$ cat upload39.cif   # mmCIF, C-alpha atoms
data_upload
#
loop_
_atom_site.label_atom_id
_atom_site.label_comp_id
_atom_site.auth_asym_id
_atom_site.auth_seq_id
_atom_site.Cartn_x
_atom_site.Cartn_y
_atom_site.Cartn_z
CA MET A 17 -42.11 32.30 -88.47
CA LEU A 18 -43.78 28.93 -88.65
CA ALA A 19 -47.48 28.44 -88.33
CA ALA A 20 -48.72 25.91 -85.79
CA PHE A 21 -52.02 24.09 -85.81
CA SER A 22 -54.21 24.16 -82.74
CA VAL A 23 -54.58 20.98 -80.70
CA GLY A 24 -57.69 22.45 -79.12
CA SER A 25 -59.37 22.99 -82.47
CA MET A 26 -58.43 19.51 -83.58
CA ALA A 27 -60.37 18.01 -80.69
CA ILE A 28 -63.70 18.98 -82.30
CA GLN A 29 -62.82 17.55 -85.71
CA PRO A 30 -64.67 14.41 -86.79
CA ALA A 31 -62.62 11.25 -86.83
CA LEU A 32 -62.01 11.41 -90.58
CA GLY A 33 -58.51 10.02 -90.09
CA LYS A 34 -59.71 6.79 -88.54
CA ASP A 35 -58.39 4.80 -91.50
CA PHE A 36 -54.94 6.35 -91.14
CA PRO A 37 -52.42 4.80 -91.28
CA THR A 38 -52.79 1.85 -93.62
CA LYS A 39 -49.04 1.47 -94.17
CA SER A 40 -45.76 2.34 -92.51
CA VAL A 41 -44.91 5.96 -91.65
CA GLU A 42 -41.46 7.28 -92.55
CA ILE A 43 -39.39 9.58 -90.34
CA VAL A 44 -36.69 11.38 -92.29
CA VAL A 45 -33.70 12.21 -90.10
CA PRO A 46 -31.40 14.99 -91.37
CA PHE A 47 -28.28 13.58 -89.71
CA ALA A 48 -26.34 10.32 -89.86
CA SER A 49 -26.92 7.17 -87.84
CA GLY A 50 -25.89 7.69 -84.22
CA SER A 51 -26.85 11.35 -84.16
CA PRO A 52 -29.17 12.57 -81.36
CA GLN A 53 -32.11 12.88 -83.76
CA ASP A 54 -31.45 9.40 -85.14
CA ILE A 55 -31.35 7.83 -81.68
CA MET A 56 -34.55 9.57 -80.60
CA SER A 57 -36.39 8.62 -83.81
CA ARG A 58 -35.40 4.97 -83.55
CA LEU A 59 -36.58 4.79 -79.95
CA VAL A 60 -39.91 6.32 -80.99
CA ALA A 61 -40.12 3.87 -83.90
CA GLU A 62 -39.53 0.95 -81.56
CA THR A 63 -42.63 1.83 -79.52
CA ALA A 64 -44.82 3.18 -82.33
CA PRO A 65 -46.52 -0.01 -83.62
CA LYS A 66 -48.15 -0.48 -80.20
CA TYR A 67 -50.18 2.71 -80.68
CA LEU A 68 -49.98 3.48 -84.41
CA GLY A 69 -50.89 0.01 -85.64
CA GLN A 70 -48.19 0.31 -88.30
CA PRO A 71 -44.39 0.46 -88.18
CA ILE A 72 -42.35 3.63 -88.34
CA VAL A 73 -39.33 3.47 -90.63
CA VAL A 74 -36.36 5.77 -89.93
CA VAL A 75 -34.49 7.03 -93.00
CA ASN A 76 -31.26 9.04 -92.68
CA LYS A 77 -30.71 11.81 -95.22
CA PRO A 78 -27.85 13.95 -93.93
CA GLY A 79 -26.48 17.02 -95.63
CA ALA A 80 -26.73 20.81 -95.85
CA GLY A 81 -27.48 21.11 -92.14
CA GLY A 82 -30.87 19.41 -92.56
CA SER A 83 -32.02 20.99 -95.82
CA ILE A 84 -31.78 17.81 -97.91
CA ALA A 85 -34.10 15.94 -95.56
CA ALA A 86 -36.45 18.91 -95.26
CA ALA A 87 -36.72 19.27 -99.03
CA ASP A 88 -37.57 15.57 -99.30
CA VAL A 89 -40.50 15.85 -96.90
CA ILE A 90 -41.75 19.12 -98.39
CA SER A 91 -41.79 17.61 -101.89
CA SER A 92 -43.71 14.54 -100.73
CA LYS A 93 -47.46 14.07 -100.74
CA PRO A 94 -48.98 15.77 -97.65
CA ASP A 95 -50.69 12.64 -96.39
CA GLY A 96 -48.93 12.10 -93.04
CA TYR A 97 -46.80 9.19 -94.22
CA LYS A 98 -43.55 11.15 -94.21
CA LEU A 99 -42.38 13.24 -91.25
CA TYR A 100 -39.28 15.34 -90.61
CA CYS A 101 -37.32 14.85 -87.39
CA GLY A 102 -35.98 18.32 -86.79
CA ILE A 103 -34.69 20.80 -84.29
CA ASN A 104 -36.01 24.28 -83.67
CA ASN A 105 -32.71 25.84 -84.66
CA PHE A 106 -32.84 24.42 -88.18
CA PHE A 107 -35.80 26.67 -88.89
CA ALA A 108 -34.59 29.57 -86.75
CA LEU A 109 -30.94 29.61 -87.82
CA THR A 110 -29.73 27.10 -90.41
CA THR A 111 -32.23 28.23 -93.04
CA LYS A 112 -30.83 31.75 -92.58
CA THR A 113 -27.27 30.69 -93.42
CA GLN A 114 -27.86 29.18 -96.86
CA LYS A 115 -29.93 29.66 -99.98
CA ILE A 116 -32.60 27.00 -99.79
CA PRO A 117 -34.62 25.79 -102.80
CA PHE A 118 -37.84 25.47 -100.82
CA ASP A 119 -40.09 27.34 -98.44
CA ALA A 120 -39.30 26.13 -94.91
CA SER A 121 -42.73 27.28 -93.72
CA HIS A 122 -44.20 24.31 -95.60
CA LEU A 123 -43.05 22.22 -92.65
CA ILE A 124 -44.91 22.94 -89.41
CA PRO A 125 -44.37 21.65 -85.86
CA LEU A 126 -46.27 18.57 -84.77
CA VAL A 127 -44.77 17.59 -81.42
CA ASN A 128 -41.64 18.18 -79.31
CA PHE A 129 -39.93 15.32 -77.48
CA ILE A 130 -36.64 16.51 -76.05
CA GLU A 131 -34.30 19.34 -75.10
CA TYR A 132 -30.72 18.48 -75.99
CA LYS A 133 -27.93 19.20 -73.52
CA SER A 134 -25.48 20.62 -76.02
CA GLY A 135 -22.09 21.97 -75.09
CA MET A 136 -18.34 21.95 -75.68
CA CYS A 137 -16.17 19.05 -74.57
CA VAL A 138 -12.57 17.90 -74.68
CA SER A 139 -10.81 14.57 -74.27
CA GLY A 140 -10.54 13.33 -70.70
CA SER A 141 -6.76 13.21 -71.12
CA SER A 142 -6.49 16.83 -72.30
CA PRO A 143 -4.75 19.42 -70.10
CA TRP A 144 -7.81 21.70 -70.12
CA LYS A 145 -9.90 21.24 -67.00
CA ASN A 146 -12.29 24.11 -67.68
CA LEU A 147 -13.29 26.51 -70.46
CA ASN A 148 -10.87 29.23 -69.34
CA ASP A 149 -7.97 26.78 -69.72
CA LEU A 150 -9.01 26.06 -73.30
CA LEU A 151 -9.51 29.73 -74.14
CA ASP A 152 -6.17 30.70 -72.61
CA TYR A 153 -4.44 28.10 -74.79
CA GLY A 154 -6.25 29.44 -77.84
CA ARG A 155 -5.28 33.04 -77.14
CA LYS A 156 -1.61 32.08 -76.64
CA ASN A 157 -1.57 29.89 -79.76
CA PRO A 158 -3.49 31.70 -82.54
CA GLY A 159 -4.73 29.42 -85.27
CA LYS A 160 -3.73 26.20 -83.51
CA LEU A 161 -6.84 25.31 -81.55
CA ARG A 162 -8.96 22.91 -83.62
CA TRP A 163 -12.57 22.23 -82.78
CA GLY A 164 -15.22 20.05 -84.39
CA HIS A 165 -18.91 20.40 -85.13
CA SER A 166 -21.51 18.72 -87.36
CA GLY A 167 -21.74 21.36 -90.08
CA ARG A 168 -21.32 25.05 -90.73
CA GLY A 169 -24.42 27.12 -90.16
CA ILE A 170 -25.99 24.86 -87.55
CA LYS A 171 -26.38 25.99 -83.96
CA GLU A 172 -23.27 24.32 -82.52
CA HIS A 173 -21.09 25.96 -85.18
CA ILE A 174 -22.69 29.36 -84.62
CA VAL A 175 -22.43 29.17 -80.83
CA GLY A 176 -18.87 27.82 -80.80
CA SER A 177 -17.73 30.47 -83.28
CA LEU A 178 -19.30 33.23 -81.22
CA ILE A 179 -17.72 32.01 -77.98
CA PHE A 180 -14.25 31.87 -79.52
CA ARG A 181 -14.68 35.25 -81.19
CA LYS A 182 -15.86 36.96 -78.00
CA ALA A 183 -12.97 35.37 -76.10
CA GLY A 184 -10.47 36.67 -78.65
CA VAL A 185 -9.48 33.19 -79.82
CA GLU A 186 -8.49 32.48 -83.41
CA ALA A 187 -9.59 28.85 -83.78
CA ILE A 188 -9.95 26.43 -86.67
CA ASP A 189 -13.39 24.86 -86.98
CA ILE A 190 -13.65 21.46 -88.65
CA PRO A 191 -17.06 20.19 -89.79
CA TYR A 192 -17.90 16.51 -89.44
CA PRO A 193 -21.13 15.94 -91.43
CA GLY A 194 -21.01 12.27 -90.38
CA GLY A 195 -21.96 13.45 -86.92
CA VAL A 196 -21.24 11.95 -83.52
CA PRO A 197 -19.13 8.89 -84.47
CA GLN A 198 -16.73 10.99 -86.55
CA LYS A 199 -16.45 13.79 -83.99
CA THR A 200 -15.94 11.32 -81.16
CA ALA A 201 -13.21 9.43 -83.00
CA ALA A 202 -11.50 12.68 -83.96
CA LEU A 203 -11.56 14.01 -80.41
CA LEU A 204 -10.37 10.82 -78.73
CA GLY A 205 -7.75 10.34 -81.44
CA GLY A 206 -6.30 13.81 -80.90
CA HIS A 207 -7.21 15.08 -84.36
CA ILE A 208 -9.15 17.97 -82.80
CA ASP A 209 -8.75 19.67 -79.43
CA ALA A 210 -12.42 20.24 -78.61
CA SER A 211 -15.81 19.45 -80.02
CA ALA A 212 -19.39 20.60 -79.82
CA MET A 213 -21.36 17.61 -78.55
CA THR A 214 -24.73 16.57 -77.19
CA TYR A 215 -24.40 15.06 -73.74
CA GLY A 216 -26.73 12.11 -74.29
CA THR A 217 -24.70 10.75 -77.20
CA VAL A 218 -21.42 10.58 -75.23
CA LYS A 219 -22.59 10.37 -71.61
CA ASP A 220 -20.99 6.94 -71.09
CA LEU A 221 -17.62 8.29 -72.25
CA VAL A 222 -18.04 11.30 -69.96
CA ARG A 223 -18.88 9.12 -66.97
CA ALA A 224 -15.89 6.89 -67.77
CA GLY A 225 -13.62 9.94 -67.75
CA LYS A 226 -12.75 9.69 -71.44
CA MET A 227 -14.47 12.97 -72.27
CA ARG A 228 -14.99 16.16 -70.28
CA PHE A 229 -17.68 18.78 -70.86
CA LEU A 230 -16.45 22.33 -70.26
CA LEU A 231 -19.84 24.04 -70.52
CA VAL A 232 -23.45 23.47 -71.54
CA ILE A 233 -25.34 25.89 -73.75
CA ARG A 234 -27.98 27.01 -71.28
CA ASP A 235 -28.72 29.84 -68.87
CA GLN A 236 -28.38 27.50 -65.87
CA ARG A 237 -26.89 24.09 -65.10
CA TYR A 238 -28.61 20.79 -65.71
CA SER A 239 -29.14 18.38 -62.83
CA ASP A 240 -27.11 15.88 -64.87
CA PRO A 241 -24.27 16.62 -65.38
CA SER A 242 -24.49 18.94 -62.37
CA ASP A 243 -20.77 19.75 -62.31
CA VAL A 244 -20.71 21.40 -65.74
CA PRO A 245 -21.21 25.19 -65.73
CA SER A 246 -23.66 26.89 -68.06
CA ALA A 247 -22.67 29.34 -70.79
CA ALA A 248 -24.34 32.12 -68.83
CA GLU A 249 -22.20 31.37 -65.77
CA LEU A 250 -19.07 31.62 -67.87
CA GLY A 251 -19.89 35.02 -69.33
CA PHE A 252 -21.83 34.11 -72.48
CA PRO A 253 -25.46 34.81 -71.48
CA GLU A 254 -26.64 35.44 -75.04
CA VAL A 255 -25.71 31.95 -76.25
CA GLY A 256 -26.94 30.42 -72.99
CA ARG A 257 -30.51 31.22 -73.98
CA LEU A 258 -30.24 29.41 -77.30
CA LEU A 259 -31.80 26.05 -76.44
CA THR A 260 -32.06 23.09 -78.79
CA CYS A 261 -35.44 21.37 -78.81
CA SER A 262 -36.30 18.51 -81.13
CA GLY A 263 -39.38 16.74 -82.33
CA PHE A 264 -41.34 15.97 -85.46
CA PHE A 265 -42.58 18.24 -88.22
CA ILE A 266 -45.18 17.61 -90.89
CA HIS A 267 -46.20 19.07 -94.24
CA LYS A 268 -48.47 22.05 -93.64
CA ASP A 269 -51.11 20.75 -96.06
CA THR A 270 -51.62 17.48 -94.21
CA PRO A 271 -55.31 17.08 -93.24
CA GLU A 272 -56.08 18.17 -89.70
CA GLU A 273 -57.52 14.80 -88.70
CA ILE A 274 -54.27 13.06 -89.67
CA LYS A 275 -52.23 15.61 -87.69
CA LYS A 276 -54.46 14.90 -84.69
CA THR A 277 -54.09 11.13 -85.09
CA LEU A 278 -50.30 11.42 -85.18
CA PHE A 279 -50.18 13.88 -82.29
CA ASP A 280 -52.30 11.57 -80.13
CA VAL A 281 -50.08 8.60 -81.00
CA PHE A 282 -46.90 10.51 -80.15
CA LYS A 283 -48.37 11.55 -76.80
CA LYS A 284 -49.16 7.90 -76.02
CA ILE A 285 -45.63 6.90 -77.01
CA TYR A 286 -44.14 9.60 -74.77
CA ASP A 287 -46.30 8.49 -71.83
CA ASP A 288 -45.57 4.80 -72.33
CA PRO A 289 -43.71 3.59 -69.19
CA GLU A 290 -41.22 1.41 -71.07
CA PHE A 291 -40.49 4.18 -73.58
CA SER A 292 -40.18 6.75 -70.81
CA LYS A 293 -37.61 4.64 -69.00
CA LYS A 294 -35.47 4.15 -72.10
CA PHE A 295 -35.90 7.78 -73.12
CA LYS A 296 -34.60 9.07 -69.80
CA GLU A 297 -31.61 6.76 -70.11
CA LEU A 298 -30.54 8.68 -73.23
CA GLY A 299 -29.18 11.37 -70.91
CA ASP A 300 -30.86 14.40 -72.44
CA GLU A 301 -33.86 16.32 -71.10
CA PRO A 302 -37.29 14.80 -71.95
CA ARG A 303 -39.63 17.69 -72.76
CA PHE A 304 -43.00 16.99 -74.35
CA GLY A 305 -44.77 19.84 -76.08
CA GLY A 306 -47.39 20.43 -78.71
CA PRO A 307 -47.07 22.40 -81.93
CA GLU A 308 -47.50 25.74 -80.18
CA PHE A 309 -44.62 25.00 -77.81
CA LEU A 310 -42.27 23.98 -80.61
CA ALA A 311 -43.27 26.99 -82.72
CA GLU A 312 -42.48 29.28 -79.78
CA THR A 313 -38.99 27.77 -79.35
CA ILE A 314 -38.36 28.52 -83.03
CA ARG A 315 -39.52 32.11 -82.62
CA ARG A 316 -37.31 32.65 -79.58
CA SER A 317 -34.26 31.06 -81.19
CA GLU A 318 -34.72 33.22 -84.27
CA GLU A 319 -35.02 36.34 -82.14
CA LEU A 320 -31.85 35.46 -80.22
CA GLY A 321 -29.87 33.82 -83.00
CA VAL A 322 -30.29 35.99 -86.09
CA PRO A 323 -28.26 38.86 -84.56
CA MET A 324 -25.52 36.28 -83.86
CA LEU A 325 -25.56 35.17 -87.49
CA LYS A 326 -25.22 38.75 -88.64
CA GLU A 327 -22.38 39.40 -86.19
CA LEU A 328 -20.52 36.37 -87.55
CA GLY A 329 -21.23 37.28 -91.16
CA LEU A 330 -23.18 34.07 -91.71
CA TYR A 331 -26.62 35.54 -92.39
CA VAL A 332 -28.08 34.88 -95.85
CA ALA A 333 -31.40 36.41 -96.85
CA ASN A 334 -33.76 34.13 -98.75
#

$ encode --input "upload39.cif" --output "structure tokens"
Amino acid sequence: MLAAFSVGSMAIQPALGKDFPTKSVEIVVPFASGSPQDIMSRLVAETAPKYLGQPIVVVNKPGAGGSIAAADVISSKPDGYKLYCGINNFFALTTKTQKIPFDASHLIPLVNFIEYKSGMCVSGSSPWKNLNDLLDYGRKNPGKLRWGHSGRGIKEHIVGSLIFRKAGVEAIDIPYPGGVPQKTAALLGGHIDASAMTYGTVKDLVRAGKMRFLLVIRDQRYSDPSDVPSAAELGFPEVGRLLTCSGFFIHKDTPEEIKKTLFDVFKKIYDDPEFSKKFKELGDEPRFGGPEFLAETIRRSEELGVPMLKELGLYVAN
């Protein structure tokens, strides 16, 4: 369980962080260029100098489901100059599937920016028009259905594995640590039959008919795409409640006044009209929240997801 700092209590702190920042701030992204977290971070970085007074530099450090990037931030000086762009499910799930050489609680939530519309999709030219079509094929052809994801132990791998297991499908999962570009090329090239994807990263391909989402991991449909059923609708209510929220995390020992400065800047960025317009165009669900909100999404995902990890035999105690 991660600790969150109180925005309310920060409001009464003296402005000791008024000299912060005096140099660029680094956002460490745990996935490759083109990933949802990378795209969000770069859009934030584009607007940041207007309110921060210094540039934000985005650095990609993929690997181990996010642990390499997390370890980098945890080992850095807690002065606010290095942040982790993470998702709630890294802390709730991924850290429970591997032995990690650090204490994940040393990173605490700062601000949430988005809820990702994650789901399972196929090529637009595939014969599978809905999830039942895909599952029927998998049941009739054990061991032939190939599906992609961004790494074992992350949410999309856990959810996809659980869906196929509950449907009685023996499928082959193929990790693509390079993220969206690799998965997209593999799917469109026929190297895999289906892939876990985030809607915003491939929405143009979906709208052009080159990709088709079969479900979204949620307990109800999104307004866009409104024609894609939720996991709960299709008989997987437990995974439908496992949302993916993403924002920025900071070293727990960072001074409170610096946390407040950064939080205030991120709120101004989120409210900026030009940023808001571009952010909505990403295709995912804008969802601003403070540290308490992000901490609660981690708690809920852990409560829902740990039993899934144990069912799949993926749980590792640290």

$ resolve_selection --input "upload39.cif" --expression "the PyMOL selection byres ((chain A and resi 294-304) around 8)" --output "ChimeraX atom specification"
/A:56,59,127-133,215-217,219,240,286,290-293,305-306

$ closest_residue --input "upload39.cif" --among "A:Phe309, A:Ser262, A:Ile233, A:Ile188" --to "Ile55 (chain A)" --atoms "only C-alpha atoms"
A:Ser262

$ closest_residue --input "upload39.cif" --among "A:Leu330, A:Ala48, A:Val138, A:Ile116" --to "Leu178 (chain A)" --atoms "all atoms listed in the file"
A:Leu330

$ residues_around --input "upload39.cif" --residues "Leu204 (chain A)" --least-positions-apart "4" --cutoff "8 Å" --atoms "all atoms listed in the file" --output "ChimeraX atom specification"
/A:139,200,226-227

$ resolve_selection --input "upload39.cif" --expression "the PyMOL selection byres ((chain A and resi 142) around 12)" --output "MDAnalysis selection string"
chainID A and resid 137:141 143:147 149:150 153 203:206 208:210 225:230

$ resolve_selection --input "upload39.cif" --expression "the PyMOL selection byres ((chain A and resi 275-281) around 7)" --output "list in words"
Met26, Gly33, Tyr67, Leu68, Leu126, Val127, Thr270, Pro271, Glu272, Glu273, Ile274, Phe282, Lys283, Lys284 and Ile285 of chain A

$ atom_distance --input "upload39.cif" --atom1 "CA of Ala80 (chain A)" --atom2 "CA of Arg234 (chain A)"
25.4 Å

$ closest_residue --input "upload39.cif" --among "A:Val75, A:Ile190, A:Val332, A:Val45" --to "Thr110 (chain A)" --atoms "all atoms listed in the file"
A:Val332

$ residues_near_point --input "upload39.cif" --point "(-28.0, 19.1, -96.0)" --cutoff "10 Å" --atoms "all atoms listed in the file" --output "list in words"
Pro46, Phe47, Lys77, Pro78, Gly79, Ala80, Gly81, Gly82, Ser83, Ile84, Ala85, Ala86, Ala87, Thr110, Ile116, Gly167 and Pro193 of chain A

$ write_last_selection --input "upload39.cif" --atoms "C-alpha atoms" --output "PDB file, in the frame of the given file"
ATOM      1  CA  PRO A  46     -31.400  14.990 -91.370  1.00  0.00           C
ATOM      2  CA  PHE A  47     -28.280  13.580 -89.710  1.00  0.00           C
ATOM      3  CA  LYS A  77     -30.710  11.810 -95.220  1.00  0.00           C
ATOM      4  CA  PRO A  78     -27.850  13.950 -93.930  1.00  0.00           C
ATOM      5  CA  GLY A  79     -26.480  17.020 -95.630  1.00  0.00           C
ATOM      6  CA  ALA A  80     -26.730  20.810 -95.850  1.00  0.00           C
ATOM      7  CA  GLY A  81     -27.480  21.110 -92.140  1.00  0.00           C
ATOM      8  CA  GLY A  82     -30.870  19.410 -92.560  1.00  0.00           C
ATOM      9  CA  SER A  83     -32.020  20.990 -95.820  1.00  0.00           C
ATOM     10  CA  ILE A  84     -31.780  17.810 -97.910  1.00  0.00           C
ATOM     11  CA  ALA A  85     -34.100  15.940 -95.560  1.00  0.00           C
ATOM     12  CA  ALA A  86     -36.450  18.910 -95.260  1.00  0.00           C
ATOM     13  CA  ALA A  87     -36.720  19.270 -99.030  1.00  0.00           C
ATOM     14  CA  THR A 110     -29.730  27.100 -90.410  1.00  0.00           C
ATOM     15  CA  ILE A 116     -32.600  27.000 -99.790  1.00  0.00           C
ATOM     16  CA  GLY A 167     -21.740  21.360 -90.080  1.00  0.00           C
ATOM     17  CA  PRO A 193     -21.130  15.940 -91.430  1.00  0.00           C
TER      18      PRO A 193
END

$ atom_distance --input "upload39.cif" --atom1 "CA of Asn104 (chain A)" --atom2 "CA of Arg315 (chain A)"
8.6 Å

$ closest_residue --input "upload39.cif" --among "A:Val74, A:Leu320, A:Ala224, A:Val244" --to "Glu62 (chain A)" --atoms "all atoms listed in the file"
A:Val74

$ residues_around --input "upload39.cif" --residues "Leu99 (chain A)" --least-positions-apart "3" --cutoff "8 Å" --atoms "all atoms listed in the file" --output "list in words"
Val41, Glu42, Ile43, Val44, Val89, Gly96, Phe264, Phe265, Ile266 and His267 of chain A

$ atom_distance --input "upload39.cif" --atom1 "CA of Lys112 (chain A)" --atom2 "CA of Ser177 (chain A)"
16.1 Å

$ residues_around --input "upload39.cif" --residues "His122 (chain A)" --least-positions-apart "3" --cutoff "7 Å" --atoms "only C-alpha atoms" --output "short mmCIF file (atom, residue, chain, number, x, y, z; two decimals) with C-alpha atoms, keeping the file's coordinate frame"
data_model
loop_
_atom_site.label_atom_id
_atom_site.label_comp_id
_atom_site.auth_asym_id
_atom_site.auth_seq_id
_atom_site.Cartn_x
_atom_site.Cartn_y
_atom_site.Cartn_z
CA ILE A 90 -41.75 19.12 -98.39
CA ASP A 119 -40.09 27.34 -98.44
CA HIS A 267 -46.20 19.07 -94.24
CA LYS A 268 -48.47 22.05 -93.64
#

$ closest_residue --input "upload39.cif" --among "A:Ser134, A:Ser57, A:Gln70, A:Ser166" --to "Ala247 (chain A)" --atoms "only C-alpha atoms"
A:Ser134

$ residues_near_point --input "upload39.cif" --point "(-38.5, 20.8, -89.2)" --cutoff "6 Å" --atoms "only C-alpha atoms" --output "JSON, numbers by chain"
{"A": [100, 102, 123, 265]}

$ decode --input "upload39.cif" --residues "region 202-224 of chain A" --atoms "N, CA and C atoms" --output "PDB file, in the first residue's frame"
ATOM      1  N   ALA A 202       3.317  -6.456 -35.722  1.00  0.00           N
ATOM      2  CA  ALA A 202       3.106  -7.905 -35.642  1.00  0.00           C
ATOM      3  C   ALA A 202       1.657  -8.270 -35.948  1.00  0.00           C
ATOM      4  N   LEU A 203       0.726  -7.473 -35.453  1.00  0.00           N
ATOM      5  CA  LEU A 203      -0.688  -7.754 -35.675  1.00  0.00           C
ATOM      6  C   LEU A 203      -1.065  -7.526 -37.135  1.00  0.00           C
ATOM      7  N   LEU A 204      -0.682  -6.386 -37.674  1.00  0.00           N
ATOM      8  CA  LEU A 204      -1.028  -6.075 -39.063  1.00  0.00           C
ATOM      9  C   LEU A 204      -0.296  -6.989 -40.042  1.00  0.00           C
ATOM     10  N   GLY A 205       0.870  -7.493 -39.630  1.00  0.00           N
ATOM     11  CA  GLY A 205       1.635  -8.380 -40.496  1.00  0.00           C
ATOM     12  C   GLY A 205       1.235  -9.843 -40.386  1.00  0.00           C
ATOM     13  N   GLY A 206       0.268 -10.138 -39.502  1.00  0.00           N
ATOM     14  CA  GLY A 206      -0.202 -11.505 -39.365  1.00  0.00           C
ATOM     15  C   GLY A 206       0.690 -12.404 -38.530  1.00  0.00           C
ATOM     16  N   HIS A 207       1.636 -11.827 -37.801  1.00  0.00           N
ATOM     17  CA  HIS A 207       2.522 -12.629 -36.960  1.00  0.00           C
ATOM     18  C   HIS A 207       1.840 -13.056 -35.666  1.00  0.00           C
ATOM     19  N   ILE A 208       0.831 -12.312 -35.251  1.00  0.00           N
ATOM     20  CA  ILE A 208      -0.007 -12.680 -34.110  1.00  0.00           C
ATOM     21  C   ILE A 208      -1.464 -12.504 -34.525  1.00  0.00           C
ATOM     22  N   ASP A 209      -2.358 -13.180 -33.809  1.00  0.00           N
ATOM     23  CA  ASP A 209      -3.782 -13.147 -34.166  1.00  0.00           C
ATOM     24  C   ASP A 209      -4.542 -12.050 -33.438  1.00  0.00           C
ATOM     25  N   ALA A 210      -4.071 -11.690 -32.250  1.00  0.00           N
ATOM     26  CA  ALA A 210      -4.730 -10.672 -31.440  1.00  0.00           C
ATOM     27  C   ALA A 210      -3.679  -9.984 -30.592  1.00  0.00           C
ATOM     28  N   SER A 211      -4.048  -8.840 -30.043  1.00  0.00           N
ATOM     29  CA  SER A 211      -3.090  -8.126 -29.201  1.00  0.00           C
ATOM     30  C   SER A 211      -3.808  -7.271 -28.172  1.00  0.00           C
ATOM     31  N   ALA A 212      -3.232  -7.214 -26.985  1.00  0.00           N
ATOM     32  CA  ALA A 212      -3.689  -6.262 -25.984  1.00  0.00           C
ATOM     33  C   ALA A 212      -3.176  -4.891 -26.398  1.00  0.00           C
ATOM     34  N   MET A 213      -4.064  -3.922 -26.440  1.00  0.00           N
ATOM     35  CA  MET A 213      -3.702  -2.583 -26.911  1.00  0.00           C
ATOM     36  C   MET A 213      -4.397  -1.515 -26.068  1.00  0.00           C
ATOM     37  N   THR A 214      -3.878  -0.315 -26.158  1.00  0.00           N
ATOM     38  CA  THR A 214      -4.534   0.861 -25.598  1.00  0.00           C
ATOM     39  C   THR A 214      -5.133   1.642 -26.753  1.00  0.00           C
ATOM     40  N   TYR A 215      -6.410   1.962 -26.636  1.00  0.00           N
ATOM     41  CA  TYR A 215      -7.150   2.548 -27.753  1.00  0.00           C
ATOM     42  C   TYR A 215      -6.491   3.803 -28.317  1.00  0.00           C
ATOM     43  N   GLY A 216      -6.033   4.690 -27.443  1.00  0.00           N
ATOM     44  CA  GLY A 216      -5.493   5.957 -27.921  1.00  0.00           C
ATOM     45  C   GLY A 216      -4.301   5.819 -28.840  1.00  0.00           C
ATOM     46  N   THR A 217      -3.504   4.756 -28.666  1.00  0.00           N
ATOM     47  CA  THR A 217      -2.299   4.594 -29.470  1.00  0.00           C
ATOM     48  C   THR A 217      -2.588   4.079 -30.875  1.00  0.00           C
ATOM     49  N   VAL A 218      -3.764   3.484 -31.080  1.00  0.00           N
ATOM     50  CA  VAL A 218      -4.079   2.912 -32.405  1.00  0.00           C
ATOM     51  C   VAL A 218      -5.440   3.378 -32.929  1.00  0.00           C
ATOM     52  N   LYS A 219      -5.984   4.439 -32.341  1.00  0.00           N
ATOM     53  CA  LYS A 219      -7.338   4.865 -32.696  1.00  0.00           C
ATOM     54  C   LYS A 219      -7.475   5.185 -34.186  1.00  0.00           C
ATOM     55  N   ASP A 220      -6.438   5.758 -34.797  1.00  0.00           N
ATOM     56  CA  ASP A 220      -6.522   6.087 -36.222  1.00  0.00           C
ATOM     57  C   ASP A 220      -6.618   4.818 -37.064  1.00  0.00           C
ATOM     58  N   LEU A 221      -5.914   3.777 -36.666  1.00  0.00           N
ATOM     59  CA  LEU A 221      -5.993   2.496 -37.377  1.00  0.00           C
ATOM     60  C   LEU A 221      -7.360   1.857 -37.181  1.00  0.00           C
ATOM     61  N   VAL A 222      -7.919   2.017 -35.991  1.00  0.00           N
ATOM     62  CA  VAL A 222      -9.253   1.477 -35.715  1.00  0.00           C
ATOM     63  C   VAL A 222     -10.293   2.202 -36.565  1.00  0.00           C
ATOM     64  N   ARG A 223     -10.208   3.515 -36.596  1.00  0.00           N
ATOM     65  CA  ARG A 223     -11.178   4.302 -37.360  1.00  0.00           C
ATOM     66  C   ARG A 223     -11.038   4.070 -38.858  1.00  0.00           C
ATOM     67  N   ALA A 224      -9.833   3.690 -39.297  1.00  0.00           N
ATOM     68  CA  ALA A 224      -9.610   3.396 -40.719  1.00  0.00           C
ATOM     69  C   ALA A 224      -9.983   1.961 -41.070  1.00  0.00           C
TER      70      ALA A 224
END
